[in-house]
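The structure appears below as structure tokens.
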Amino acid sequence: MNHKQLYIETFGCQMNVNDSERIVTMLSDLGYRVTTEAAGADMILLNTCSVRGGAEEKVYKRLANLRPLKKARQSLIMGVGGCVAQQEGEALLQKFPWLDLVFGTHNLHLLADMVRGAENGERRCETSFIDNEQRLDLFPPVKGTSRLSSFVTVMQGCDNFCSYCIVPYVRGREISRRSADILAEVRELADSGVQEVVLLGQNVNSYGLKAEGEPSFARLIRQVAAIDGIRRIRFTTSHPKDMSDDLIACFGDVPKLCGQIHLPVQSGSDAVLKRMNRGYTRAGYLERIRALKAVRPGIAITGDMIVGFPGESEADFQQTVSLVEEVRYSDLFFFVYSPRPGTKAADLAEELTRDQKVQRLERLLDVQKRITREIGDSFLGTVQPVLVEGEGKRPGQVSGRMDSGRIVNFIGEPGLIGSFVDIRIVRAYQNSLLGELHNH
């Protein structure tokens, strides 16, 4: 059988990465195999994100860049999926006449049928929301993975309606997958050699809260941990207001759960948090952080921070800086606020210029860089268990992750890939560590 070539480009969050993996699985049944070269592909798909400002422009620019490929070969199928597709819908087909497919965040299950149509010259847009139980059956599994770590979606959508966020409008309301389906998927992954699963959702902490008879997220983690072959569990993303005592306890008594959590705070100021509609206070957030550090000393905490939200004063910003100093994030993702059309915050008056926002971001970045460096330096001379995942940065190196999620490169044989090894840390960089095999 002659395989057709699929080139897929993924923008944005891990949910999109996981969706792209599902797309690859589905289209393999139609004879498509992934290629890393857009130029020779039979189909090009862009899986998009619209959470940050400028996302649409980035996609439009990419589509314009790809147009010559379509001009040169009319049989080439081009499609856009994900959040920009959900947001723009039919307008994309009108704006880009060389586009064949537009599919929204709830329409992956229709993609194979859409592709068959496109192969016969049909142009099609599907962006309808499915906010009922039927949506639970529309999670095509990821198959044939040869990786050691795999994403597993546990829930989709969000009910929080933070004032700056477009996710509820492009991903829909919260819905949890059935735990039986999740556990079956994890077992299948474990049987295929996957050793680490990353449980995914817009707000995993609220998993099962709306579904009668389903476990809480903490209970689901314990059930996943009981599956043979799974050696590490991570999850993302968590909302601080739903961070239960039970979930925090898992970090103390579930050895397979990694000592790493992504707990976005967005601001250190109560006044800003209120305008953001985040549902917690600075004190409440810090109390959760202290509880996590108490049950898992050394836990790596990462987060997100929005700088320059409407009405953010210098005093508010200083509150954010002091929170960063107190939490000591191992890494922090910063965003300059940009209004998203359709969100409540888009109606708030902005008092800061773009330059002022960027200046604040750079000040915060300097603080975080120092903390990240200090945390990296604290590992020097220690011996850390590392799951070896692949080749390293340089010839002769392999690479893996510590329990905390930090990447470690070291000289080693490719035969070590897939195993846990003890590594002595000898050098710390901003985003990774250098180690050497530790002989007992």
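Labels for the structure tokens follow display order: chains A, B, ..., residues from 1 in each chain, ligands from 1.
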Near-Thr127 of chain A list (12 Å; only C-alpha atoms; drop same-chain fewer than 3 positions) as a ChimeraX atom specification: /A:80-92,101-111,124,130,169-172
For N, CA and C atoms, I'd like the residues from the last selection saved as a PDB file, in the first residue's frame.
ATOM      1  N   VAL A  80      -7.493  23.430   8.677  1.00  0.00           N
ATOM      2  CA  VAL A  80      -7.220  24.111   9.946  1.00  0.00           C
ATOM      3  C   VAL A  80      -8.172  23.551  10.997  1.00  0.00           C
ATOM      4  N   GLY A  81      -7.591  23.129  12.138  1.00  0.00           N
ATOM      5  CA  GLY A  81      -8.393  22.633  13.246  1.00  0.00           C
ATOM      6  C   GLY A  81      -8.091  23.400  14.515  1.00  0.00           C
ATOM      7  N   GLY A  82      -8.722  22.996  15.616  1.00  0.00           N
ATOM      8  CA  GLY A  82      -8.428  23.601  16.912  1.00  0.00           C
ATOM      9  C   GLY A  82      -9.196  24.872  17.187  1.00  0.00           C
ATOM     10  N   CYS A  83      -8.649  25.703  18.071  1.00  0.00           N
ATOM     11  CA  CYS A  83      -9.397  26.835  18.629  1.00  0.00           C
ATOM     12  C   CYS A  83      -9.642  27.970  17.644  1.00  0.00           C
ATOM     13  N   VAL A  84      -8.658  28.262  16.774  1.00  0.00           N
ATOM     14  CA  VAL A  84      -8.897  29.312  15.766  1.00  0.00           C
ATOM     15  C   VAL A  84      -9.984  28.854  14.799  1.00  0.00           C
ATOM     16  N   ALA A  85      -9.969  27.575  14.438  1.00  0.00           N
ATOM     17  CA  ALA A  85     -11.013  27.020  13.567  1.00  0.00           C
ATOM     18  C   ALA A  85     -12.374  27.136  14.246  1.00  0.00           C
ATOM     19  N   GLN A  86     -12.423  26.826  15.552  1.00  0.00           N
ATOM     20  CA  GLN A  86     -13.678  26.908  16.305  1.00  0.00           C
ATOM     21  C   GLN A  86     -14.195  28.343  16.329  1.00  0.00           C
ATOM     22  N   GLN A  87     -13.267  29.267  16.494  1.00  0.00           N
ATOM     23  CA  GLN A  87     -13.626  30.679  16.627  1.00  0.00           C
ATOM     24  C   GLN A  87     -14.058  31.304  15.305  1.00  0.00           C
ATOM     25  N   GLU A  88     -13.340  30.983  14.232  1.00  0.00           N
ATOM     26  CA  GLU A  88     -13.557  31.668  12.950  1.00  0.00           C
ATOM     27  C   GLU A  88     -14.507  30.928  12.005  1.00  0.00           C
ATOM     28  N   GLY A  89     -14.534  29.595  12.106  1.00  0.00           N
ATOM     29  CA  GLY A  89     -15.466  28.801  11.314  1.00  0.00           C
ATOM     30  C   GLY A  89     -15.414  29.056   9.808  1.00  0.00           C
ATOM     31  N   GLU A  90     -16.608  29.234   9.217  1.00  0.00           N
ATOM     32  CA  GLU A  90     -16.752  29.418   7.761  1.00  0.00           C
ATOM     33  C   GLU A  90     -15.909  30.581   7.224  1.00  0.00           C
ATOM     34  N   ALA A  91     -15.690  31.586   8.078  1.00  0.00           N
ATOM     35  CA  ALA A  91     -14.926  32.764   7.645  1.00  0.00           C
ATOM     36  C   ALA A  91     -13.543  32.363   7.132  1.00  0.00           C
ATOM     37  N   LEU A  92     -12.975  31.293   7.686  1.00  0.00           N
ATOM     38  CA  LEU A  92     -11.659  30.827   7.230  1.00  0.00           C
ATOM     39  C   LEU A  92     -11.723  30.335   5.779  1.00  0.00           C
ATOM     40  N   LEU A 101     -10.446  22.240   4.522  1.00  0.00           N
ATOM     41  CA  LEU A 101     -11.131  21.746   5.719  1.00  0.00           C
ATOM     42  C   LEU A 101     -10.992  22.709   6.893  1.00  0.00           C
ATOM     43  N   VAL A 102     -12.087  22.902   7.627  1.00  0.00           N
ATOM     44  CA  VAL A 102     -12.049  23.635   8.890  1.00  0.00           C
ATOM     45  C   VAL A 102     -12.813  22.788   9.899  1.00  0.00           C
ATOM     46  N   PHE A 103     -12.130  22.369  10.982  1.00  0.00           N
ATOM     47  CA  PHE A 103     -12.802  21.512  11.967  1.00  0.00           C
ATOM     48  C   PHE A 103     -12.531  22.027  13.375  1.00  0.00           C
ATOM     49  N   GLY A 104     -13.601  22.140  14.161  1.00  0.00           N
ATOM     50  CA  GLY A 104     -13.502  22.709  15.503  1.00  0.00           C
ATOM     51  C   GLY A 104     -13.051  21.708  16.542  1.00  0.00           C
ATOM     52  N   THR A 105     -13.027  22.161  17.791  1.00  0.00           N
ATOM     53  CA  THR A 105     -12.463  21.373  18.892  1.00  0.00           C
ATOM     54  C   THR A 105     -13.328  20.166  19.261  1.00  0.00           C
ATOM     55  N   HIS A 106     -14.611  20.168  18.851  1.00  0.00           N
ATOM     56  CA  HIS A 106     -15.502  19.043  19.176  1.00  0.00           C
ATOM     57  C   HIS A 106     -15.759  18.157  17.960  1.00  0.00           C
ATOM     58  N   ASN A 107     -14.979  18.331  16.903  1.00  0.00           N
ATOM     59  CA  ASN A 107     -15.327  17.672  15.646  1.00  0.00           C
ATOM     60  C   ASN A 107     -14.269  16.726  15.091  1.00  0.00           C
ATOM     61  N   LEU A 108     -13.330  16.324  15.957  1.00  0.00           N
ATOM     62  CA  LEU A 108     -12.282  15.402  15.489  1.00  0.00           C
ATOM     63  C   LEU A 108     -12.873  14.108  14.939  1.00  0.00           C
ATOM     64  N   HIS A 109     -13.991  13.669  15.542  1.00  0.00           N
ATOM     65  CA  HIS A 109     -14.592  12.398  15.123  1.00  0.00           C
ATOM     66  C   HIS A 109     -15.118  12.450  13.682  1.00  0.00           C
ATOM     67  N   LEU A 110     -15.298  13.658  13.135  1.00  0.00           N
ATOM     68  CA  LEU A 110     -15.796  13.812  11.756  1.00  0.00           C
ATOM     69  C   LEU A 110     -14.660  13.921  10.744  1.00  0.00           C
ATOM     70  N   LEU A 111     -13.417  14.027  11.244  1.00  0.00           N
ATOM     71  CA  LEU A 111     -12.307  14.384  10.356  1.00  0.00           C
ATOM     72  C   LEU A 111     -12.071  13.355   9.255  1.00  0.00           C
ATOM     73  N   ARG A 124     -15.245  21.731   3.331  1.00  0.00           N
ATOM     74  CA  ARG A 124     -16.217  21.525   4.417  1.00  0.00           C
ATOM     75  C   ARG A 124     -15.758  22.186   5.707  1.00  0.00           C
ATOM     76  N   ILE A 130     -20.673  20.018  20.994  1.00  0.00           N
ATOM     77  CA  ILE A 130     -21.431  18.888  21.529  1.00  0.00           C
ATOM     78  C   ILE A 130     -21.244  18.929  23.038  1.00  0.00           C
ATOM     79  N   TYR A 169     -15.277  29.352  25.476  1.00  0.00           N
ATOM     80  CA  TYR A 169     -15.979  29.661  24.224  1.00  0.00           C
ATOM     81  C   TYR A 169     -15.491  28.807  23.053  1.00  0.00           C
ATOM     82  N   VAL A 170     -14.241  28.335  23.128  1.00  0.00           N
ATOM     83  CA  VAL A 170     -13.707  27.540  22.003  1.00  0.00           C
ATOM     84  C   VAL A 170     -13.552  26.058  22.334  1.00  0.00           C
ATOM     85  N   ARG A 171     -13.567  25.720  23.638  1.00  0.00           N
ATOM     86  CA  ARG A 171     -13.465  24.316  24.047  1.00  0.00           C
ATOM     87  C   ARG A 171     -14.756  23.797  24.671  1.00  0.00           C
ATOM     88  N   GLY A 172     -15.688  24.726  24.999  1.00  0.00           N
ATOM     89  CA  GLY A 172     -16.968  24.293  25.557  1.00  0.00           C
ATOM     90  C   GLY A 172     -16.941  24.119  27.061  1.00  0.00           C
TER      91      GLY A 172
END
Would you pick out the contacts of Val17 of chain A at 12 Å or less, using only C-alpha atoms, so that residues sharing its chain but fewer than 3 positions from it are not included, and give the list as number ranges by chain? A: 8-14, 20-24, 46-49, 81-82, 142, 150-153, 198, 200
Show which residues sit within 6 Å of segment 224-231 of chain A, as a PyMOL selection string. Count only C-alpha atoms, and ignore same-chain residues fewer than 6 positions away. chain A and resi 190+195-196+256
Store the residues of this selection in a file with N, CA and C atoms, as an mmCIF file, in the first residue's frame.
data_model
loop_
_atom_site.group_PDB
_atom_site.id
_atom_site.type_symbol
_atom_site.label_atom_id
_atom_site.label_comp_id
_atom_site.auth_asym_id
_atom_site.auth_seq_id
_atom_site.Cartn_x
_atom_site.Cartn_y
_atom_site.Cartn_z
ATOM 1 N N ALA A 190 0.199 1.189 28.705
ATOM 2 C CA ALA A 190 1.198 0.462 29.506
ATOM 3 C C ALA A 190 1.614 -0.816 28.783
ATOM 4 N N GLN A 195 5.598 4.221 29.959
ATOM 5 C CA GLN A 195 5.891 4.124 31.392
ATOM 6 C C GLN A 195 5.391 5.325 32.186
ATOM 7 N N GLU A 196 5.102 6.424 31.466
ATOM 8 C CA GLU A 196 4.645 7.640 32.143
ATOM 9 C C GLU A 196 3.408 8.161 31.427
ATOM 10 N N LYS A 256 4.142 6.944 42.691
ATOM 11 C CA LYS A 256 4.259 7.093 41.235
ATOM 12 C C LYS A 256 3.941 8.522 40.769
#
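Between Gln430 of chain A and the candidates A:Asp242, A:Asp377, A:Glu326, A:Asp403, the tightest atom-to-atom separation, counting only C-alpha atoms, involves A:Asp377.
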Please measure the separation of atom CA of Gly435 of chain A and atom CA of Ile423 of chain A, giving the value in Å to one decimal.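 Those two atoms sit 5.8 Å apart.
Atom pair atom CA of Arg401 of chain A / atom CA of Ile306 of chain A has a distance of 27.6 Å (rounded to one decimal).
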Residues of segment 18-165 of chain A in alpha helix (DSSP H) according to DSSP, as a PDB file with C-alpha atoms, in the first residue's frame?
ATOM      1  CA  ASN A  18      -2.874  15.275  22.322  1.00  0.00           C
ATOM      2  CA  ASP A  19      -5.527  16.138  19.704  1.00  0.00           C
ATOM      3  CA  SER A  20      -2.824  16.039  17.002  1.00  0.00           C
ATOM      4  CA  GLU A  21      -1.806  12.562  18.178  1.00  0.00           C
ATOM      5  CA  ARG A  22      -5.452  11.469  17.864  1.00  0.00           C
ATOM      6  CA  ILE A  23      -5.632  12.958  14.368  1.00  0.00           C
ATOM      7  CA  VAL A  24      -2.548  10.974  13.337  1.00  0.00           C
ATOM      8  CA  THR A  25      -4.142   7.763  14.691  1.00  0.00           C
ATOM      9  CA  MET A  26      -7.439   8.386  12.861  1.00  0.00           C
ATOM     10  CA  LEU A  27      -5.898   9.299   9.541  1.00  0.00           C
ATOM     11  CA  SER A  28      -3.514   6.331   9.608  1.00  0.00           C
ATOM     12  CA  ALA A  55      -2.813  33.650  17.411  1.00  0.00           C
ATOM     13  CA  GLU A  56      -5.085  34.174  14.417  1.00  0.00           C
ATOM     14  CA  GLU A  57      -2.515  36.388  12.685  1.00  0.00           C
ATOM     15  CA  LYS A  58       0.116  33.692  13.167  1.00  0.00           C
ATOM     16  CA  VAL A  59      -2.170  31.100  11.560  1.00  0.00           C
ATOM     17  CA  TYR A  60      -3.121  33.464   8.711  1.00  0.00           C
ATOM     18  CA  LYS A  61       0.537  34.164   8.028  1.00  0.00           C
ATOM     19  CA  ARG A  62       1.315  30.440   8.004  1.00  0.00           C
ATOM     20  CA  LEU A  63      -1.544  29.743   5.591  1.00  0.00           C
ATOM     21  CA  ALA A  64      -0.256  32.485   3.284  1.00  0.00           C
ATOM     22  CA  ASN A  65       3.237  30.931   3.411  1.00  0.00           C
ATOM     23  CA  LEU A  66       1.822  27.523   2.500  1.00  0.00           C
ATOM     24  CA  ARG A  67      -0.269  28.781  -0.409  1.00  0.00           C
ATOM     25  CA  PRO A  68       2.447  28.239  -3.080  1.00  0.00           C
ATOM     26  CA  LEU A  69       2.456  24.509  -2.227  1.00  0.00           C
ATOM     27  CA  LYS A  70      -1.257  24.344  -3.010  1.00  0.00           C
ATOM     28  CA  LYS A  71      -0.770  26.356  -6.207  1.00  0.00           C
ATOM     29  CA  ALA A  72       1.910  23.916  -7.346  1.00  0.00           C
ATOM     30  CA  CYS A  83      -9.397  26.835  18.629  1.00  0.00           C
ATOM     31  CA  VAL A  84      -8.897  29.312  15.766  1.00  0.00           C
ATOM     32  CA  ALA A  85     -11.013  27.020  13.567  1.00  0.00           C
ATOM     33  CA  GLN A  86     -13.678  26.908  16.305  1.00  0.00           C
ATOM     34  CA  GLN A  87     -13.626  30.679  16.627  1.00  0.00           C
ATOM     35  CA  GLU A  88     -13.557  31.668  12.950  1.00  0.00           C
ATOM     36  CA  GLU A  90     -16.752  29.418   7.761  1.00  0.00           C
ATOM     37  CA  ALA A  91     -14.926  32.764   7.645  1.00  0.00           C
ATOM     38  CA  LEU A  92     -11.659  30.827   7.230  1.00  0.00           C
ATOM     39  CA  LEU A  93     -12.935  29.101   4.073  1.00  0.00           C
ATOM     40  CA  GLN A  94     -13.992  32.479   2.689  1.00  0.00           C
ATOM     41  CA  LYS A  95     -10.740  34.221   3.621  1.00  0.00           C
ATOM     42  CA  LEU A 111     -12.307  14.384  10.356  1.00  0.00           C
ATOM     43  CA  ALA A 112     -11.864  11.040   8.557  1.00  0.00           C
ATOM     44  CA  ASP A 113     -15.161  11.591   6.729  1.00  0.00           C
ATOM     45  CA  MET A 114     -14.178  15.199   5.933  1.00  0.00           C
ATOM     46  CA  VAL A 115     -10.831  14.027   4.514  1.00  0.00           C
ATOM     47  CA  ARG A 116     -12.550  11.452   2.283  1.00  0.00           C
ATOM     48  CA  GLY A 117     -14.729  14.274   0.963  1.00  0.00           C
ATOM     49  CA  ALA A 118     -11.718  16.559   0.448  1.00  0.00           C
ATOM     50  CA  GLU A 119     -10.003  13.819  -1.567  1.00  0.00           C
TER      51      GLU A 119
END
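Using only C-alpha atoms, the shortest contact distance between Leu361 of chain A and any of A:Thr382, A:Ala349, A:Phe309, A:Val388 is found at A:Phe309.
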Could you check which of A:Ser378, A:Phe161, A:Asp42, A:Tyr7 is closest to Gly342 of chain A, using only C-alpha atoms?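 Under the stated criterion, the closest residue is A:Phe161.
With distances restricted to only C-alpha atoms, A:Gly405 is the closest residue to Gly259 of chain A from A:Leu380, A:Thr236, A:Gly405, A:Leu433.
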